[in-house]
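Step one of this worksheet: look at the structure below.
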Amino acid sequence: MTKTAPGKRLFIKTYGCQMNVYDSERMADVLRPLGYAITDQAEGADLVVLNTCHIREKAAEKVYSELGRIKAMKQRKAEAGGTMTVAVAGCVAQAEGAEIMHRQPAVDLVIGPQSYHRLPELIARAHRASGERLSADFAAEEKFDALPKARGVSGFTAFLTVQEGCDKFCTFCVVPYTRGGEFSRPVEAILAEAQGLADQGVREVTLLGQNVNAYAGEGGLAGLARRLALIPGLDRIRYTTSHPRDMDEALIAAHGELEALMPYLHLPVQSGSDRVLKAMNRGHTAQHYLDLVGRIRAARPDIALSGDFIVGFPGETEAEFEATLDLVRATGYASAFAFKYSRRPGTPAAALPGQIDEAVKEDRLARLLDLLGAQQEAFNAAQVGRTVPVLFERIGRRPGQVVGRSPYLQPIHISASESLIGQIAPVAVSAASRGSLTGTLVQSSLLQPIPEPA
């Protein structure tokens with residue numbers, strides 16, 4: 001986040017997904033006109049915001065643990081004659097707002113994910129002790145309309161939310177209850193924000209949404225990507241997270257036709273068992289997913305796939321877990337995320353019979369991660385000997401090293417000048433590990449210059 005002149009100090013701790021990262025950046029934008037500047041230390045801050053996520057296991061417990069530490073900081077600041085305002089934002093705030101206020105009196109404000117545009121008003125009310133401490137509605141359109149048009153960004157990549165909420169109601173998921181129904185931002189608003197990012201030197205945007213490929217603006221996500229690709233200086237477009245049910249033929253075709261649309265697709269499947277998928281209310285079968293992958297690869301043969309998996313869903317048998325392993329082998333992933341099923345209060349799956357023993361879930365997760373890790377290593381190893389375009393983002397940890405990302409999101413380390421940062425340049429890949437690649441710069445005369453900000 002971009003720092004401003006010294007004034008009030010704002011500390012934001014972000015949990016969970018990329019959408020929360022975007023939301024945290026926008027909170028800073030909302031608060032910047034009030035004189036708040038980002039600090040990387042909660043101790044001594046004037047405003048502390050915990051931007052929470054309810055997807056991961058024990059999410060609420062982690063928030064309460066953090067609040068205990070912040071309460072002590074707030075007390076120390078008060079003893080020194082200062083004031084610290086504490087806000088809990090995001091999905092845990094939406095799901096458990098009243099409980100947070102009851103359990104932790106140090107919290108001054110609870111703000112749902114569709115209400116953070118009201119932070120200045122709520123902070124003012126808290127300071128006046130006027131009483132409104134909980135704001136957790138679903139006014140997504142109102143939120144985006146109220147946000148500042150300008151964004152403060154640093155670096156050459158940025159997140160851009162285009163869609164929020166979910167209408168799918170997977171039985172394990174809290175998103176429809178914490179983020180509300182599906183809402184798509186107007187095309188022109190997104191294009192204006194993207195243009196502003198490009199004007200600040202951003203060369204890659206990642207479009208965000210709970211079901212981003214359910215984007216319902218004119219032309220759908222494929223049409224939006226095509227229009228974004230026309231913005232000068234915006235060379236790379238990514239999107240996440242997708243649902244198989246919303247992967248339409250227009251978007252598949254765009255992957256084969258649009259150079260700016262990176263050949264990397266995060267397409268969660270969750271399970272390889274049709275019975276488990278039905279119990280999850282996913283709305284697709286394993287064969288539907290595999291057929292979809294086939295059509296995507298026919299359009300873009302070099303595309304890399306990523307996915308999400310849940311093991312130990314209630315009632316999952318060993319044979320059904322093996323079906324997940326079979327689907328992974330049939331698909332072949334460049335990277336993936338796998339988790340043990342954990343109950344989310346209020347979700348249908350939490351009340352299902354056949355809850356799986358923790359030791360069984362641990363064993364299945366370890367076996368799945370072994371397979372996924374081997375596939376990732378194989379995918380990375382296959383890049384050795386290739387030359388790939390790399391967007392360089394930062395200096396490395398070693399002297400004389402710079403780090404960028406390939407079209408497939410792999411970190412690539414090379415020895416080169418810092419002047420490469422912000423440029424897209426060809427790199428010959430010479431070595432690979434599970435987590436990253438190493439290479440050397442080639443064809444230096446063909447480097448693309450950093451576009452001048454408008």
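In the structure tokens, chains take letters A, B, ... by order of appearance, with residues numbered from 1 within each chain and ligands from 1 in the order shown.
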Might you pull out every residue within 7 Å of Phe339 (chain A), with only C-alpha atoms counted and same-chain residues fewer than 6 positions away left off, and present them as a count of residues only? 4
Need the shell around Asn51 (chain A): protein/DNA/RNA residues with any atom at most 9 Å away, counting only C-alpha atoms. Skip same-chain ones fewer than 2 positions apart. Format as number ranges by chain? A: 12-16, 20-21, 23-24, 49, 53, 87-93, 113
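Within the 9 Å cut-off around region 427-440 of chain A, using only C-alpha atoms and omitting residues fewer than 5 positions from it on the same chain, the listed residues are Gly373, Ala374, Gln376, Glu377, Ala378, Phe379, Asn380, Ala381, Ala382, Gln383, Val384, Gly385, Arg386, Thr387, Val388, Pro389, Val390, Gln410, Pro411, Ile412, His413, Ile414, Ser415 and Ala416 of chain A.
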Strand (DSSP E) per DSSP on the backbone: members of region 352-399 of chain A, as a CSV table (one decimal) with C-alpha atoms, in the first residue's frame:
```
chain,number,residue,atom,x,y,z
A,387,THR,CA,12.5,-19.4,-22.6
A,388,VAL,CA,9.5,-17.7,-20.9
A,389,PRO,CA,8.5,-14.0,-20.6
A,390,VAL,CA,8.9,-12.8,-17.0
A,391,LEU,CA,7.4,-9.8,-15.3
A,392,PHE,CA,10.1,-8.7,-12.8
A,393,GLU,CA,8.6,-7.4,-9.6
A,394,ARG,CA,11.2,-7.0,-6.9
A,395,ILE,CA,14.8,-7.5,-5.8
```
If we count only C-alpha atoms and set the cut-off at 8 Å, which residues sit around Ala198 (chain A), ignoring sequence neighbours fewer than 5 positions away in its own chain? Please answer as a ChimeraX atom specification. /A:203,231-234,453
Can you write just those residues out, C-alpha atoms, as a tab-separated table (two decimals), in the first residue's frame?
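So result.tsv came out as:
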```tsv
chain	number	residue	atom	x	y	z
A	203	ARG	CA	1.34	-4.08	-15.91
A	231	ILE	CA	-5.61	-0.62	-22.20
A	232	PRO	CA	-2.06	0.47	-23.13
A	233	GLY	CA	0.56	-0.84	-20.71
A	234	LEU	CA	-1.74	-3.49	-19.21
A	453	PRO	CA	2.65	7.14	-16.24
```
Each region 220-239 of chain A residue no farther than 7 Å from region 262-271 of chain A, nearest pair in Å, only C-alpha atoms, as CSV:
```
residue,atom,partner,partner_atom,distance
A:Arg236,CA,A:Met262,CA,6.4
A:Ile237,CA,A:Met262,CA,6.0
A:Arg238,CA,A:Met262,CA,5.9
```
Please return as a PyMOL selection string: the residues of region 153-212 of chain A that backbone DSSP assigns to helix (DSSP H, G or I). chain A and resi 175-178+187-199+212
Env of region 291-305 of chain A: 9 Å cut, atoms = only C-alpha atoms, seq-sep filter 4 positions within chain, self excluded. Answer as a VMD selection string. chain A and resid 244 247 249 252 to 257 262 to 267 286 to 287 331 to 336 379 408
Need the shell around region 62-65 of chain A: protein/DNA/RNA residues with any atom at most 8 Å away, counting only C-alpha atoms. Skip same-chain ones fewer than 6 positions apart. Format as a list in words? Leu50, Thr52 and Gln104 of chain A
To one decimal place, how far is CA of Asn213 (chain A) from CA of Val174 (chain A) in Å? 19.1 Å
At a cut-off of 12 Å, using only C-alpha atoms, what residues contact Leu277 (chain A)? Leave out same-chain residues fewer than 2 positions from it and give the result as a VMD selection string. chain A and resid 170 to 172 268 to 275 279 to 289 309 to 311 313 to 316 320 to 321 323 to 324
Go ahead and save the picked residues with N, CA and C atoms, as a tab-separated table (two decimals), in the first residue's frame.
```
chain	number	residue	atom	x	y	z
A	170	CYS	N	-22.62	-24.01	-1.88
A	170	CYS	CA	-21.95	-25.26	-1.53
A	170	CYS	C	-22.16	-25.51	-0.04
A	171	THR	N	-22.40	-26.75	0.31
A	171	THR	CA	-22.83	-27.03	1.68
A	171	THR	C	-21.74	-26.83	2.72
A	172	PHE	N	-20.47	-26.72	2.28
A	172	PHE	CA	-19.37	-26.54	3.22
A	172	PHE	C	-18.99	-25.08	3.41
A	268	PRO	N	-11.25	-24.79	-9.17
A	268	PRO	CA	-11.47	-25.75	-8.09
A	268	PRO	C	-12.48	-26.85	-8.45
A	269	VAL	N	-12.19	-28.06	-8.02
A	269	VAL	CA	-13.10	-29.17	-8.24
A	269	VAL	C	-13.59	-29.75	-6.91
A	270	GLN	N	-12.76	-29.73	-5.88
A	270	GLN	CA	-13.04	-30.13	-4.49
A	270	GLN	C	-13.00	-31.63	-4.27
A	271	SER	N	-13.54	-32.45	-5.18
A	271	SER	CA	-13.55	-33.90	-4.98
A	271	SER	C	-13.65	-34.58	-6.33
A	272	GLY	N	-13.20	-35.84	-6.38
A	272	GLY	CA	-13.36	-36.65	-7.58
A	272	GLY	C	-14.51	-37.62	-7.50
A	273	SER	N	-15.25	-37.59	-6.41
A	273	SER	CA	-16.37	-38.49	-6.21
A	273	SER	C	-17.68	-37.79	-6.54
A	274	ASP	N	-18.48	-38.37	-7.43
A	274	ASP	CA	-19.75	-37.75	-7.78
A	274	ASP	C	-20.70	-37.68	-6.58
A	275	ARG	N	-20.69	-38.71	-5.73
A	275	ARG	CA	-21.59	-38.66	-4.57
A	275	ARG	C	-21.19	-37.53	-3.64
A	279	ALA	N	-23.23	-34.14	-2.55
A	279	ALA	CA	-23.43	-33.75	-1.15
A	279	ALA	C	-22.89	-32.36	-0.87
A	280	MET	N	-21.86	-31.96	-1.61
A	280	MET	CA	-21.31	-30.61	-1.48
A	280	MET	C	-22.16	-29.56	-2.22
A	281	ASN	N	-23.13	-30.02	-3.04
A	281	ASN	CA	-23.95	-29.14	-3.87
A	281	ASN	C	-23.09	-28.38	-4.88
A	282	ARG	N	-22.11	-29.06	-5.47
A	282	ARG	CA	-21.23	-28.41	-6.42
A	282	ARG	C	-21.88	-28.21	-7.79
A	283	GLY	N	-22.85	-29.08	-8.16
A	283	GLY	CA	-23.55	-28.88	-9.41
A	283	GLY	C	-22.80	-29.38	-10.63
A	284	HIS	N	-21.76	-30.16	-10.45
A	284	HIS	CA	-21.04	-30.78	-11.56
A	284	HIS	C	-20.56	-32.15	-11.14
A	285	THR	N	-20.23	-32.97	-12.09
A	285	THR	CA	-19.66	-34.29	-11.82
A	285	THR	C	-18.17	-34.28	-12.14
A	286	ALA	N	-17.51	-35.36	-11.75
A	286	ALA	CA	-16.09	-35.47	-12.06
A	286	ALA	C	-15.86	-35.51	-13.57
A	287	GLN	N	-16.73	-36.22	-14.30
A	287	GLN	CA	-16.56	-36.31	-15.75
A	287	GLN	C	-16.83	-34.96	-16.41
A	288	HIS	N	-17.80	-34.21	-15.91
A	288	HIS	CA	-18.04	-32.86	-16.43
A	288	HIS	C	-16.78	-32.02	-16.28
A	289	TYR	N	-16.13	-32.12	-15.13
A	289	TYR	CA	-14.91	-31.35	-14.89
A	289	TYR	C	-13.81	-31.78	-15.86
A	309	PHE	N	-9.04	-28.63	-3.25
A	309	PHE	CA	-9.56	-29.93	-2.85
A	309	PHE	C	-9.89	-29.93	-1.37
A	310	ILE	N	-10.96	-30.60	-1.02
A	310	ILE	CA	-11.34	-30.82	0.38
A	310	ILE	C	-11.34	-32.33	0.62
A	311	VAL	N	-10.58	-32.78	1.60
A	311	VAL	CA	-10.59	-34.20	1.95
A	311	VAL	C	-11.33	-34.38	3.27
A	313	PHE	N	-14.61	-34.88	3.69
A	313	PHE	CA	-15.97	-34.36	3.76
A	313	PHE	C	-16.85	-35.43	4.40
A	314	PRO	N	-17.89	-35.02	5.17
A	314	PRO	CA	-18.71	-36.01	5.87
A	314	PRO	C	-19.16	-37.15	4.97
A	315	GLY	N	-18.90	-38.37	5.43
A	315	GLY	CA	-19.32	-39.57	4.70
A	315	GLY	C	-18.35	-40.04	3.65
A	316	GLU	N	-17.25	-39.30	3.42
A	316	GLU	CA	-16.30	-39.70	2.37
A	316	GLU	C	-15.67	-41.04	2.72
A	320	GLU	N	-13.98	-43.22	-2.27
A	320	GLU	CA	-14.30	-41.89	-2.78
A	320	GLU	C	-13.08	-40.98	-2.73
A	321	PHE	N	-12.27	-41.13	-1.71
A	321	PHE	CA	-11.02	-40.38	-1.68
A	321	PHE	C	-10.10	-40.83	-2.80
A	323	ALA	N	-11.01	-41.81	-5.62
A	323	ALA	CA	-11.53	-41.19	-6.84
A	323	ALA	C	-10.97	-39.78	-7.02
A	324	THR	N	-10.76	-39.08	-5.91
A	324	THR	CA	-10.11	-37.77	-5.99
A	324	THR	C	-8.69	-37.89	-6.49
```
Between region 98-118 of chain A and region 82-85 of chain A, at 10 Å or less, what are the per-residue closest atom pairs and their distances in Å? Count only C-alpha atoms, order by chain and rising residue number, and return it as JSON lines.
```
{"residue": "A:Ala106", "atom": "CA", "partner": "A:Thr85", "partner_atom": "CA", "distance": 8.5}
{"residue": "A:Val107", "atom": "CA", "partner": "A:Thr85", "partner_atom": "CA", "distance": 7.6}
{"residue": "A:Asp108", "atom": "CA", "partner": "A:Thr85", "partner_atom": "CA", "distance": 6.2}
{"residue": "A:Leu109", "atom": "CA", "partner": "A:Thr85", "partner_atom": "CA", "distance": 8.1}
```
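CA of Phe183 (chain A) is found 11.1 Å from CA of Gln114 (chain A).
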CA of Glu43 (chain A) and CA of Arg9 (chain A), how far apart in Å? 10.0 Å
